[in-house]
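Structure file structure_39.cif with mmCIF, C-alpha atoms:
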```cif
data_query
loop_
_atom_site.label_atom_id
_atom_site.label_comp_id
_atom_site.auth_asym_id
_atom_site.auth_seq_id
_atom_site.Cartn_x
_atom_site.Cartn_y
_atom_site.Cartn_z
CA MET I 283 2.09 -13.09 -35.87
CA ARG I 284 4.21 -13.41 -32.74
CA GLN I 285 5.92 -10.09 -33.52
CA GLY I 286 2.52 -8.48 -33.76
CA LEU I 287 1.49 -9.88 -30.39
CA VAL I 288 4.72 -8.66 -28.82
CA ARG I 289 4.12 -5.18 -30.24
CA TRP I 290 0.59 -5.10 -28.88
CA ALA I 291 1.81 -6.26 -25.46
CA ALA I 292 4.47 -3.54 -25.43
CA LEU I 293 1.91 -0.92 -26.41
CA GLY I 294 -0.36 -2.12 -23.66
CA LEU I 295 2.45 -1.81 -21.15
CA VAL I 296 3.19 1.76 -22.22
CA LEU I 297 -0.45 2.77 -22.18
CA GLY I 298 -1.03 1.10 -18.83
CA SER I 299 1.91 2.87 -17.28
CA THR I 300 0.75 6.19 -18.69
CA VAL I 301 -2.76 5.72 -17.32
CA LEU I 302 -1.52 4.81 -13.89
CA ALA I 303 1.21 7.41 -13.66
CA GLY I 304 -1.43 10.07 -13.68
CA MET I 305 -3.48 8.48 -10.95
CA ALA I 306 -1.02 8.17 -8.06
CA GLN I 307 -0.89 11.72 -6.78
CA VAL I 308 2.57 11.69 -5.25
CA PRO I 309 4.11 15.16 -5.14
CA PRO I 310 7.47 15.35 -6.92
CA ALA I 311 10.45 15.19 -4.60
CA ASN I 312 11.16 18.89 -5.06
CA SER I 313 7.56 19.89 -4.35
CA PRO I 314 6.86 21.69 -1.07
CA THR I 315 4.21 19.07 -0.32
CA SER I 316 6.56 16.13 -0.76
CA ALA I 317 7.46 14.16 2.35
CA SER I 318 11.06 14.71 1.35
CA ALA I 319 10.52 18.47 1.73
CA ILE I 320 9.76 18.18 5.44
CA PRO I 321 12.81 19.75 7.13
CA GLN I 322 15.22 17.52 9.02
CA ASN I 323 14.60 19.28 12.32
CA ALA I 324 10.92 18.38 12.05
CA LEU I 325 11.61 14.67 11.69
CA VAL I 326 11.46 12.22 14.57
CA GLN I 327 12.54 8.61 14.46
CA PRO I 328 10.22 5.73 15.41
CA ALA I 329 12.51 4.87 18.33
CA ASP I 330 12.04 8.36 19.73
CA VAL I 331 8.27 8.19 19.37
CA ALA I 332 8.36 4.85 21.19
CA LYS I 333 10.25 6.57 24.01
CA MET I 334 7.60 9.28 24.14
CA LEU I 335 5.00 6.58 24.69
CA GLN I 336 7.08 5.01 27.44
CA SER I 337 7.43 8.34 29.23
CA GLY I 338 3.75 8.07 30.08
CA GLY I 339 2.76 11.56 29.06
CA LYS I 340 -0.11 12.11 26.62
CA THR I 341 1.38 12.53 23.18
CA VAL I 342 -0.86 13.83 20.41
CA ILE I 343 -0.33 11.51 17.47
CA PHE I 344 -2.20 11.34 14.20
CA GLN I 345 -1.98 8.71 11.46
CA VAL I 346 -2.56 10.60 8.24
CA GLY I 347 -2.67 7.76 5.71
CA SER I 348 -4.89 4.80 5.00
CA HIS I 349 -7.74 3.99 7.37
CA LEU I 350 -7.55 0.33 6.42
CA MET I 351 -3.94 0.26 7.54
CA PHE I 352 -4.77 2.24 10.67
CA SER I 353 -7.36 -0.31 11.70
CA GLN I 354 -4.93 -3.20 11.26
CA ALA I 355 -2.30 -1.61 13.45
CA HIS I 356 -1.49 1.84 14.74
CA ILE I 357 0.54 3.52 17.42
CA PRO I 358 -1.31 3.27 20.76
CA GLY I 359 -3.29 6.42 21.41
CA ALA I 360 -2.98 7.66 17.84
CA GLU I 361 -6.06 9.02 16.13
CA TYR I 362 -6.90 8.58 12.50
CA ALA I 363 -6.84 11.81 10.49
CA GLY I 364 -6.46 10.95 6.85
CA PRO I 365 -5.92 10.35 4.08
CA ASP I 366 -4.06 13.61 3.79
CA SER I 367 -3.40 13.21 0.09
CA GLN I 368 -7.04 14.20 -0.20
CA ALA I 369 -8.95 17.27 0.93
CA VAL I 370 -11.28 15.16 3.08
CA GLY I 371 -8.31 13.91 5.10
CA LEU I 372 -6.78 17.34 5.48
CA ASP I 373 -10.11 18.67 6.70
CA LEU I 374 -10.37 15.81 9.18
CA LEU I 375 -6.91 16.62 10.48
CA ALA I 376 -7.80 20.29 10.78
CA SER I 377 -10.93 19.46 12.74
CA LYS I 378 -9.03 17.24 15.14
CA VAL I 379 -6.41 19.86 15.97
CA ALA I 380 -8.81 22.81 16.11
CA ALA I 381 -8.92 22.91 19.91
CA LEU I 382 -5.20 22.38 20.47
CA PRO I 383 -2.91 25.23 21.50
CA LYS I 384 -0.69 26.36 18.64
CA ASN I 385 2.46 25.29 20.48
CA ALA I 386 1.19 21.77 21.18
CA LEU I 387 3.54 18.96 20.23
CA ILE I 388 1.83 17.10 17.39
CA VAL I 389 3.31 13.97 15.87
CA ILE I 390 2.08 12.81 12.48
CA TYR I 391 2.92 9.57 10.72
CA CYS I 392 1.83 7.41 7.82
CA GLY I 393 3.96 4.44 6.75
CA CYS I 394 1.86 3.49 3.73
CA CYS I 395 4.87 3.21 1.50
CA PRO I 396 8.50 4.35 1.31
CA TRP I 397 9.03 7.86 2.68
CA ASN I 398 9.83 9.54 -0.61
CA ARG I 399 6.72 7.95 -2.15
CA CYS I 400 4.28 8.92 0.57
CA PRO I 401 1.45 11.11 -0.71
CA ASN I 402 0.16 11.96 2.77
CA MET I 403 2.91 13.24 5.05
CA GLY I 404 3.91 16.33 3.10
CA PRO I 405 0.39 17.73 2.74
CA ALA I 406 -0.41 16.93 6.38
CA TYR I 407 2.71 18.71 7.61
CA GLN I 408 2.08 21.75 5.44
CA ARG I 409 -1.56 21.96 6.54
CA LEU I 410 -0.58 22.01 10.20
CA LEU I 411 1.96 24.72 9.58
CA ALA I 412 -0.64 26.71 7.67
CA LEU I 413 -2.97 26.39 10.66
CA GLY I 414 -0.31 28.02 12.81
CA PHE I 415 1.07 25.04 14.70
CA THR I 416 4.67 25.52 15.66
CA ASN I 417 5.68 22.18 17.13
CA VAL I 418 4.86 19.58 14.49
CA LYS I 419 6.96 16.48 14.24
CA ALA I 420 6.82 13.99 11.37
CA MET I 421 7.72 10.43 12.22
CA TYR I 422 10.17 9.28 9.60
CA VAL I 423 9.07 5.90 8.28
CA ALA I 424 11.72 4.84 5.78
CA SER I 425 9.98 1.82 4.29
CA ASN I 426 6.56 1.19 5.81
CA PHE I 427 4.83 0.99 9.16
CA GLY I 428 5.03 -2.78 9.23
CA ASP I 429 8.80 -2.91 8.94
CA ASP I 430 9.72 0.30 10.73
CA TRP I 431 7.37 0.12 13.72
CA VAL I 432 5.61 -3.22 14.12
CA GLY I 433 8.63 -5.20 12.99
CA LYS I 434 10.79 -3.39 15.52
CA GLY I 435 8.58 -4.62 18.34
CA TYR I 436 7.10 -1.25 19.22
CA PRO I 437 3.60 -1.31 20.75
CA VAL I 438 0.52 -1.37 18.57
CA GLU I 439 -3.22 -1.10 18.87
CA LYS I 440 -5.77 -2.42 16.41
CA GLY I 441 -9.19 -1.28 15.33
CA ASP I 442 -10.63 2.18 15.47
CA MET E 423 6.95 -18.98 3.99
CA HIS E 424 5.93 -22.36 2.54
CA LYS E 425 2.81 -22.38 4.65
CA ALA E 426 -0.59 -22.74 3.07
CA ALA E 427 -1.78 -19.37 1.81
CA PRO E 428 -4.87 -18.23 3.76
CA VAL E 429 -7.85 -18.95 1.57
CA PHE E 430 -10.48 -16.34 0.97
CA VAL E 431 -13.56 -15.72 -1.12
CA ARG E 432 -14.38 -12.28 -2.43
CA HIS E 433 -16.34 -10.83 -5.30
CA ASP E 434 -14.44 -8.72 -7.77
CA LEU E 435 -15.58 -5.29 -8.86
CA HIS E 436 -17.68 -6.87 -11.60
CA GLY E 437 -19.44 -9.08 -9.08
CA LYS E 438 -17.66 -12.25 -10.11
CA ARG E 439 -16.77 -14.69 -7.34
CA VAL E 440 -13.05 -15.02 -6.66
CA SER E 441 -11.87 -17.93 -4.53
CA LEU E 442 -8.22 -18.58 -3.82
CA ARG E 443 -9.01 -22.24 -3.21
CA ASP E 444 -10.34 -22.55 -6.75
CA GLU E 445 -6.92 -21.52 -8.07
CA ARG E 446 -5.19 -24.60 -6.64
CA GLY E 447 -3.00 -26.01 -9.37
CA LYS E 448 -2.17 -22.55 -10.70
CA VAL E 449 0.55 -20.16 -9.69
CA VAL E 450 -1.10 -17.19 -8.02
CA LEU E 451 0.40 -13.73 -7.86
CA LEU E 452 -1.56 -12.10 -5.04
CA ASN E 453 -0.87 -8.40 -5.06
CA PHE E 454 -1.94 -5.96 -2.37
CA TRP E 455 -2.01 -2.44 -3.79
CA ALA E 456 -3.85 0.88 -3.71
CA THR E 457 -4.62 3.65 -6.16
CA TRP E 458 -2.63 6.14 -4.06
CA CYS E 459 0.46 3.94 -3.94
CA ALA E 460 2.97 5.13 -6.55
CA PRO E 461 5.15 1.99 -6.56
CA CYS E 462 1.98 -0.08 -7.03
CA GLN E 463 1.18 1.87 -10.18
CA LEU E 464 4.51 0.84 -11.65
CA GLU E 465 3.84 -2.83 -10.97
CA LEU E 466 0.28 -3.19 -12.22
CA PRO E 467 0.97 -2.82 -15.95
CA ARG E 468 3.68 -5.48 -15.64
CA PHE E 469 1.23 -7.80 -13.93
CA VAL E 470 -1.22 -7.18 -16.76
CA GLU E 471 1.49 -8.17 -19.19
CA TRP E 472 2.42 -11.28 -17.20
CA GLN E 473 -1.21 -12.37 -16.98
CA GLN E 474 -1.49 -12.14 -20.75
CA ARG E 475 1.77 -13.92 -21.37
CA TYR E 476 1.78 -16.57 -18.66
CA GLY E 477 -1.92 -17.11 -18.12
CA PRO E 478 -1.96 -20.02 -20.56
CA GLU E 479 0.82 -21.62 -18.51
CA GLY E 480 -1.19 -21.37 -15.32
CA LEU E 481 -0.54 -17.93 -13.85
CA GLU E 482 -3.43 -16.19 -12.13
CA VAL E 483 -2.99 -12.66 -10.87
CA ILE E 484 -5.37 -11.49 -8.16
CA ALA E 485 -5.13 -7.85 -7.15
CA VAL E 486 -6.42 -6.84 -3.73
CA SER E 487 -7.04 -3.14 -3.40
CA MET E 488 -6.39 -1.70 0.05
CA ASP E 489 -8.15 1.55 -0.86
CA ASP E 490 -10.69 2.70 1.70
CA ASP E 491 -13.28 3.19 -1.06
CA ALA E 492 -14.02 1.35 -4.28
CA GLY E 493 -14.69 4.48 -6.34
CA PRO E 494 -11.10 5.28 -7.33
CA VAL E 495 -10.42 1.57 -7.87
CA ARG E 496 -13.30 1.22 -10.31
CA ALA E 497 -12.11 4.27 -12.22
CA LEU E 498 -8.61 2.86 -12.51
CA ILE E 499 -9.56 -0.64 -13.63
CA GLU E 500 -11.98 0.81 -16.16
CA LYS E 501 -8.98 2.46 -17.78
CA LEU E 502 -6.45 -0.31 -17.19
CA LYS E 503 -8.68 -3.29 -18.07
CA PRO E 504 -6.28 -5.63 -16.27
CA GLY E 505 -7.60 -9.01 -17.41
CA PHE E 506 -7.42 -10.39 -13.88
CA PRO E 507 -9.73 -10.06 -10.91
CA VAL E 508 -9.51 -7.00 -8.69
CA VAL E 509 -11.12 -7.33 -5.28
CA MET E 510 -11.45 -4.93 -2.36
CA GLY E 511 -9.43 -5.85 0.68
CA ASP E 512 -10.40 -5.28 4.27
CA GLU E 513 -8.94 -5.46 7.75
CA ARG E 514 -9.66 -9.17 8.10
CA LEU E 515 -7.95 -10.16 4.87
CA GLY E 516 -5.02 -7.91 5.69
CA LEU E 517 -4.59 -9.52 9.08
CA GLU E 518 -4.90 -13.03 7.62
CA TYR E 519 -1.92 -12.16 5.48
CA GLY E 520 0.11 -11.03 8.44
CA GLY E 521 -1.00 -7.41 8.39
CA ILE E 522 -0.71 -5.36 5.23
CA LEU E 523 1.02 -2.37 6.80
CA GLY E 524 2.72 -0.93 3.78
CA LEU E 525 2.34 -1.26 0.05
CA PRO E 526 2.91 -2.87 -2.30
CA VAL E 527 3.04 -6.43 -1.02
CA THR E 528 2.97 -9.42 -3.36
CA TYR E 529 2.63 -13.04 -2.41
CA LEU E 530 3.67 -15.71 -4.89
CA ILE E 531 1.67 -18.85 -4.22
CA GLY E 532 2.73 -22.13 -5.78
CA ARG E 533 0.53 -24.66 -7.48
CA ASP E 534 0.36 -26.50 -4.18
CA GLY E 535 -1.33 -23.53 -2.53
CA ARG E 536 1.70 -22.70 -0.41
CA VAL E 537 3.34 -19.31 -0.13
CA ALA E 538 6.57 -19.42 -2.10
CA ALA E 539 7.59 -15.79 -1.68
CA ARG E 540 6.53 -12.54 -0.07
CA ILE E 541 7.80 -9.43 -1.80
CA ALA E 542 7.27 -6.10 -0.08
CA GLY E 543 7.98 -2.54 -1.12
CA GLU E 544 9.49 -1.32 -4.34
CA SER E 545 10.81 -4.51 -5.83
CA ASP E 546 12.95 -5.73 -8.68
CA LEU E 547 10.23 -6.77 -11.08
CA ASN E 548 12.64 -8.76 -13.22
CA ASP E 549 13.54 -10.79 -10.16
CA MET E 550 9.86 -11.24 -9.34
CA LYS E 551 9.18 -12.36 -12.88
CA SER E 552 11.98 -14.91 -12.61
CA LYS E 553 10.38 -16.31 -9.50
CA VAL E 554 7.02 -16.53 -11.26
CA VAL E 555 8.52 -18.32 -14.23
CA LYS E 556 10.30 -20.76 -11.96
CA LEU E 557 7.11 -21.54 -10.12
CA LEU E 558 5.27 -22.07 -13.38
CA GLY E 559 7.82 -24.69 -14.28
CA GLN E 560 7.09 -26.66 -11.11
CA ARG E 561 4.19 -29.09 -11.44
CA ASP E 562 1.84 -29.67 -8.52
CA ARG E 563 2.69 -32.93 -6.76
#
```
Can you dump the structure from the file as structure tokens?
Amino acid sequence: MRQGLVRWAALGLVLGSTVLAGMAQVPPANSPTSASAIPQNALVQPADVAKMLQSGGKTVIFQVGSHLMFSQAHIPGAEYAGPDSQAVGLDLLASKVAALPKNALIVIYCGCCPWNRCPNMGPAYQRLLALGFTNVKAMYVASNFGDDWVGKGYPVEKGD
Amino acid sequence: MHKAAPVFVRHDLHGKRVSLRDERGKVVLLNFWATWCAPCQLELPRFVEWQQRYGPEGLEVIAVSMDDDAGPVRALIEKLKPGFPVVMGDERLGLEYGGILGLPVTYLIGRDGRVAARIAGESDLNDMKSKVVKLLGQRDR
């Protein structure tokens, strides 16, 4: 009886994993839309973005992930333009950059989850390139926005 | 850590009332997740398994979705049939738990209603399970 229960539990675990594996649309690491595929020279560290804010100039920054996370905390002055794992988010991003000159410095970030697991950064970066923008920087968030920005004491805003 | 876990009342996606206060005396695994979070998808089936196995010993899993919309969440739980409540999170609940600014995040809450552990990011699920089992062995004083 117990063996039967153990077998059913194991089957449930396998089936559950199979169901869920198909639902999280994270591009494979070698996919051009993976965050890991964003070239090194397009990456910018959180410390450098913090310095940009301190310099006082207007920096165009978009959070391209979860709106619920954006509303809890985001980089001051950043606009929400996501989620870029979905067409609706990519279209929102496109609409927000439509009036910008193609050589404008644009910083995108997410921080929903570890960098190589992020479903939003890669597609956002590729969309901006496809729109002709030549100065796109992706803020490298190794673990998550909480640890890599808020936890470092960098400034935050809340709400929309 | 070891502070009282912020209490909340929500309704799960089936409309059933879920109150953290009502779970006093049980060990609660409070998991913040989302359908777009790949590490979360690895954890959920394990939590389903743990609920089945340790539920009789007093484990209660509560999953809080941080998705912006309930649609994808409903679709997922229809397939997964987790056996534990799934509620939609919001900004207020996230902030009460210190800001949910990355996923997954799991709080282990002891039978006394106090936070025993906070586990963030891709975690060692065997280690998490050990923590759960240890908490289950501790009676509420």
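The residues returned by the PyMOL selection byres ((chain I and resi 393) around 8) on the shown structure are Gly347, Tyr391, Cys392, Cys394, Cys395, Pro396, Trp397, Cys400, Val423, Ala424, Ser425, Asn426, Phe427 and Gly428 of chain I; Leu523 and Gly524 of chain E.
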(request) Dump as an NGL selection string the residues of chain E that approach chain I to within 6 Å, counting all atoms listed in the file. (result) :E and (458 or 460 or 463 or 467 or 502 or 513 or 523-525)
Please evaluate the PyMOL selection byres ((chain E and resi 504) around 9) against the displayed coordinates and give the resulting residues as a PDB file with C-alpha atoms, keeping the file's coordinate frame.
```
ATOM      1  CA  GLY I 298      -1.030   1.100 -18.830  1.00  0.00           C
TER       2      GLY I 298
ATOM      3  CA  LEU E 466       0.280  -3.190 -12.220  1.00  0.00           C
ATOM      4  CA  PRO E 467       0.970  -2.820 -15.950  1.00  0.00           C
ATOM      5  CA  PHE E 469       1.230  -7.800 -13.930  1.00  0.00           C
ATOM      6  CA  VAL E 470      -1.220  -7.180 -16.760  1.00  0.00           C
ATOM      7  CA  GLU E 471       1.490  -8.170 -19.190  1.00  0.00           C
ATOM      8  CA  GLN E 473      -1.210 -12.370 -16.980  1.00  0.00           C
ATOM      9  CA  ILE E 499      -9.560  -0.640 -13.630  1.00  0.00           C
ATOM     10  CA  GLU E 500     -11.980   0.810 -16.160  1.00  0.00           C
ATOM     11  CA  LYS E 501      -8.980   2.460 -17.780  1.00  0.00           C
ATOM     12  CA  LEU E 502      -6.450  -0.310 -17.190  1.00  0.00           C
ATOM     13  CA  LYS E 503      -8.680  -3.290 -18.070  1.00  0.00           C
ATOM     14  CA  GLY E 505      -7.600  -9.010 -17.410  1.00  0.00           C
ATOM     15  CA  PHE E 506      -7.420 -10.390 -13.880  1.00  0.00           C
ATOM     16  CA  PRO E 507      -9.730 -10.060 -10.910  1.00  0.00           C
ATOM     17  CA  VAL E 508      -9.510  -7.000  -8.690  1.00  0.00           C
TER      18      VAL E 508
END
```
(message) Running the PyMOL selection byres ((chain I and resi 373) around 12) on this model by hand, what would come out? Give it as a ChimeraX atom specification.
(response) /I:346,363-372,374-380,405-406,409-410,413
(request) Enter the distance from CA of Ser441 in chain E to CA of Ile522 in chain E, in Å, rounded to one decimal. (result)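 Computing the Euclidean distance for CA of Ser441 in chain E and CA of Ile522 in chain E yields 19.4 Å.
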(request) List the neighbours of Arg536 in chain E out to 6 Å using only C-alpha atoms; skip same-chain residues closer than 3 positions along the sequence, and give me the result as a list of chain:residue names. (result)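 Those residues are E:His424, E:Lys425, E:Ala426, E:Ala427, E:Ile531, E:Gly532.
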(message) So, with only C-alpha atoms as the atoms that count, which of I:Ser316, I:Val326, I:Pro383, I:Ile390 lies closest to Ile343 in chain I?
(response)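 Between I:Ser316, I:Val326, I:Pro383, I:Ile390, the residue approaching Ile343 in chain I most closely is I:Ile390.
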(request) May I ask which of the residues I:Ala319, I:Met334, I:Val438, I:Val418 is the closest one to Val389 in chain I, counting only C-alpha atoms? (result) I:Val418
(request) Grab the CA of Val537 in chain E to CA of Gln474 in chain E distance for me, in Å with one decimal place. (result)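 Atom-to-atom, CA of Val537 in chain E to CA of Gln474 in chain E, that is 22.4 Å.
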(request) Write out as a PyMOL selection string which residues come within 9 Å of Asn417 in chain I when counting only C-alpha atoms, dropping same-chain ones fewer than 5 positions away. (result) chain I and resi 324+384-389+411
